[in-house]
Amino acid sequence: MNKEIASSQITIKGIRDGLLISVGRYYSFADLYKELKEEVTQKGSFLRNSRIALEVGGQILTLEELTNLQILFAQHGMALWAILSRREATREAARELGLATRLPGSKMDLQGNGKPDPALAPEATQNQQPPNALLIKETLRSGRHVFYEGHIVIVGDVNPGAEVVAEGDIIVWGKLRGLVHAGAAGDTQATISAIDLSPTQLRIADRIAVTPPAEKNQHILPETALIRDNQIIAEPWK
């Protein structure tokens, strides 16, 4: 599953190298900059620490304009590393800034020319999209917020006060104690699995469940939470 989040002419989705932000056609750079600024400001807490590939289609952007976009992303804790464009002038400006002009593994040449690999290109139209998951190898402490448009796998604990939101499934190889929301875009087939499933609040799609306090000396078993008969239940994680 590889769902997208769209806002106006801007679409954000996860790729293997970070996030891909695709923009529609704008009449001026000022309009493009304004729209991107509103988007990253609104979703800043979710997008922070992300590597960004920006797909601008046939628009021509100058070195100064790309520099301004690079600064915009940096101000919100994001790193712009690639510009995908059909215009050689835009790609040339991107290369002057040390930015990539193609996605790794694509069929484009090093200059960004040619037809991309359908499995990797922003304009992929396959019915079956490639797997899309975010792997986190650390414990999420109180105050940490993680949002991803695909699946999330965490090797570590999720402490009380931490929040994990995914449009797909969530797997925690550790203790799950914070707030967790799978299927955030409405996927009722999403699941949440953990070695120790005791979140402060658990959501799947539009359903909410609150875990009762664990009893002392209770034997912990890995569990999976899912929706069955229109309610969230927990069963042994197979």
# chains A, B, ... in the order shown; residues from 1 in each chain; ligands from 1

$ residues_around --residues "segment 166-182 of chain A" --least-positions-apart "5" --cutoff "9 Å" --atoms "only C-alpha atoms" --output "VMD selection string"
chain A and resid 1 to 3 132 to 133 139 to 142 146 to 161 187 to 205 208 224

$ write_last_selection --atoms "C-alpha atoms" --output "PDB file, in the first residue's frame"
ATOM      1  CA  MET A   1       0.000   0.000   0.000  1.00  0.00           C
ATOM      2  CA  ASN A   2       1.331   3.404  -0.952  1.00  0.00           C
ATOM      3  CA  LYS A   3      -1.292   6.020  -0.295  1.00  0.00           C
ATOM      4  CA  ASN A 132       6.165   1.393   1.569  1.00  0.00           C
ATOM      5  CA  ALA A 133       7.438   1.291   5.155  1.00  0.00           C
ATOM      6  CA  THR A 139      13.002   4.051  21.553  1.00  0.00           C
ATOM      7  CA  LEU A 140      10.474   6.848  21.099  1.00  0.00           C
ATOM      8  CA  ARG A 141      10.407   8.933  24.264  1.00  0.00           C
ATOM      9  CA  SER A 142       7.706  11.260  25.593  1.00  0.00           C
ATOM     10  CA  VAL A 146       6.063  10.117  14.143  1.00  0.00           C
ATOM     11  CA  PHE A 147       3.760  10.263  11.106  1.00  0.00           C
ATOM     12  CA  TYR A 148       4.147   8.225   7.916  1.00  0.00           C
ATOM     13  CA  GLU A 149       1.986   7.625   4.844  1.00  0.00           C
ATOM     14  CA  GLY A 150       2.762   3.887   4.781  1.00  0.00           C
ATOM     15  CA  HIS A 151       3.618   1.213   7.366  1.00  0.00           C
ATOM     16  CA  ILE A 152       5.807   1.875  10.420  1.00  0.00           C
ATOM     17  CA  VAL A 153       8.142  -0.674  12.036  1.00  0.00           C
ATOM     18  CA  ILE A 154       9.790   0.304  15.333  1.00  0.00           C
ATOM     19  CA  VAL A 155      12.625  -1.727  16.828  1.00  0.00           C
ATOM     20  CA  GLY A 156      12.465  -0.358  20.356  1.00  0.00           C
ATOM     21  CA  ASP A 157       9.858   0.896  22.812  1.00  0.00           C
ATOM     22  CA  VAL A 158       7.187   3.573  22.451  1.00  0.00           C
ATOM     23  CA  ASN A 159       7.071   5.360  25.791  1.00  0.00           C
ATOM     24  CA  PRO A 160       4.035   7.099  27.331  1.00  0.00           C
ATOM     25  CA  GLY A 161       3.679  10.556  25.815  1.00  0.00           C
ATOM     26  CA  ASP A 187      -8.010   1.773   6.320  1.00  0.00           C
ATOM     27  CA  THR A 188     -10.057  -0.552   8.535  1.00  0.00           C
ATOM     28  CA  GLN A 189      -7.833  -3.504   7.534  1.00  0.00           C
ATOM     29  CA  ALA A 190      -4.789  -1.978   9.258  1.00  0.00           C
ATOM     30  CA  THR A 191      -3.320  -3.692  12.325  1.00  0.00           C
ATOM     31  CA  ILE A 192      -1.127  -2.798  15.300  1.00  0.00           C
ATOM     32  CA  SER A 193       1.274  -5.423  16.669  1.00  0.00           C
ATOM     33  CA  ALA A 194       3.668  -5.263  19.615  1.00  0.00           C
ATOM     34  CA  ILE A 195       5.675  -7.508  21.908  1.00  0.00           C
ATOM     35  CA  ASP A 196       3.940  -5.737  24.810  1.00  0.00           C
ATOM     36  CA  LEU A 197       0.730  -4.052  23.649  1.00  0.00           C
ATOM     37  CA  SER A 198      -0.329  -1.620  26.375  1.00  0.00           C
ATOM     38  CA  PRO A 199      -0.838   1.798  24.728  1.00  0.00           C
ATOM     39  CA  THR A 200      -2.443   4.749  26.487  1.00  0.00           C
ATOM     40  CA  GLN A 201      -4.733   5.037  23.477  1.00  0.00           C
ATOM     41  CA  LEU A 202      -5.050   2.862  20.388  1.00  0.00           C
ATOM     42  CA  ARG A 203      -6.785   3.810  17.148  1.00  0.00           C
ATOM     43  CA  ILE A 204      -7.442   1.977  13.914  1.00  0.00           C
ATOM     44  CA  ALA A 205      -9.141   4.046  11.192  1.00  0.00           C
ATOM     45  CA  ILE A 208     -10.638   4.130  19.361  1.00  0.00           C
ATOM     46  CA  THR A 224      -2.078  -7.796  17.420  1.00  0.00           C
TER      47      THR A 224
END

$ residues_around --residues "Glu55 of chain A" --least-positions-apart "2" --cutoff "7 Å" --atoms "only C-alpha atoms" --output "ChimeraX atom specification"
/A:21-23,53,57,83-85

$ residues_around --residues "Gly18 of chain A" --least-positions-apart "6" --cutoff "9 Å" --atoms "only C-alpha atoms" --output "ChimeraX atom specification"
/A:50-53,134

$ select_by_dssp --residues "segment 14-186 of chain A" --states "alpha helix (DSSP H)" --output "PyMOL selection string"
chain A and resi 29-42+44-47+63-75+88-96

$ write_last_selection --atoms "C-alpha atoms" --output "PDB file, in the first residue's frame"
ATOM      1  CA  PHE A  29       7.410  30.921  -8.308  1.00  0.00           C
ATOM      2  CA  ALA A  30       5.816  33.128  -5.644  1.00  0.00           C
ATOM      3  CA  ASP A  31       2.647  30.993  -5.792  1.00  0.00           C
ATOM      4  CA  LEU A  32       4.670  27.778  -5.610  1.00  0.00           C
ATOM      5  CA  TYR A  33       6.739  29.028  -2.681  1.00  0.00           C
ATOM      6  CA  LYS A  34       3.643  30.196  -0.792  1.00  0.00           C
ATOM      7  CA  GLU A  35       1.871  26.854  -1.244  1.00  0.00           C
ATOM      8  CA  LEU A  36       4.919  24.834  -0.196  1.00  0.00           C
ATOM      9  CA  LYS A  37       5.494  27.062   2.827  1.00  0.00           C
ATOM     10  CA  GLU A  38       1.902  26.579   3.991  1.00  0.00           C
ATOM     11  CA  GLU A  39       2.189  22.816   3.483  1.00  0.00           C
ATOM     12  CA  VAL A  40       5.440  22.294   5.390  1.00  0.00           C
ATOM     13  CA  THR A  41       4.329  24.657   8.148  1.00  0.00           C
ATOM     14  CA  GLN A  42       1.062  22.784   8.599  1.00  0.00           C
ATOM     15  CA  GLY A  44       6.022  20.409  10.064  1.00  0.00           C
ATOM     16  CA  SER A  45       5.901  18.162  13.134  1.00  0.00           C
ATOM     17  CA  PHE A  46       5.234  15.115  10.928  1.00  0.00           C
ATOM     18  CA  LEU A  47       7.735  15.938   8.184  1.00  0.00           C
ATOM     19  CA  LEU A  63      19.362  28.605  -9.068  1.00  0.00           C
ATOM     20  CA  GLU A  64      18.123  31.394  -6.777  1.00  0.00           C
ATOM     21  CA  GLU A  65      14.613  29.914  -6.602  1.00  0.00           C
ATOM     22  CA  LEU A  66      15.913  26.427  -5.786  1.00  0.00           C
ATOM     23  CA  THR A  67      18.155  27.954  -3.127  1.00  0.00           C
ATOM     24  CA  ASN A  68      15.117  29.600  -1.550  1.00  0.00           C
ATOM     25  CA  LEU A  69      13.286  26.251  -1.534  1.00  0.00           C
ATOM     26  CA  GLN A  70      16.308  24.540   0.000  1.00  0.00           C
ATOM     27  CA  ILE A  71      16.353  27.160   2.779  1.00  0.00           C
ATOM     28  CA  LEU A  72      12.584  26.800   3.296  1.00  0.00           C
ATOM     29  CA  PHE A  73      12.869  23.063   3.899  1.00  0.00           C
ATOM     30  CA  ALA A  74      15.923  23.501   6.135  1.00  0.00           C
ATOM     31  CA  GLN A  75      14.038  26.006   8.285  1.00  0.00           C
ATOM     32  CA  GLU A  88      17.131  20.695 -18.384  1.00  0.00           C
ATOM     33  CA  ALA A  89      17.498  24.294 -17.126  1.00  0.00           C
ATOM     34  CA  THR A  90      15.957  23.298 -13.786  1.00  0.00           C
ATOM     35  CA  ARG A  91      18.104  20.165 -13.545  1.00  0.00           C
ATOM     36  CA  GLU A  92      21.234  22.171 -14.322  1.00  0.00           C
ATOM     37  CA  ALA A  93      20.412  24.636 -11.532  1.00  0.00           C
ATOM     38  CA  ALA A  94      19.827  21.707  -9.173  1.00  0.00           C
ATOM     39  CA  ARG A  95      23.203  20.181 -10.025  1.00  0.00           C
ATOM     40  CA  GLU A  96      24.898  23.517  -9.267  1.00  0.00           C
TER      41      GLU A  96
END

$ select_by_dssp --residues "segment 121-181 of chain A" --states "strand (DSSP E)" --output "NGL selection string"
:A and (133-136 or 145-148 or 151-154 or 163-166 or 170-176 or 179-181)

$ atom_distance --atom1 "atom CA of Trp81 of chain A" --atom2 "atom CA of Ala100 of chain A"
6.2 Å

$ atom_distance --atom1 "atom CA of Arg102 of chain A" --atom2 "atom CA of Val165 of chain A"
29.2 Å

$ atom_distance --atom1 "atom CA of Leu103 of chain A" --atom2 "atom CA of Arg87 of chain A"
15.8 Å
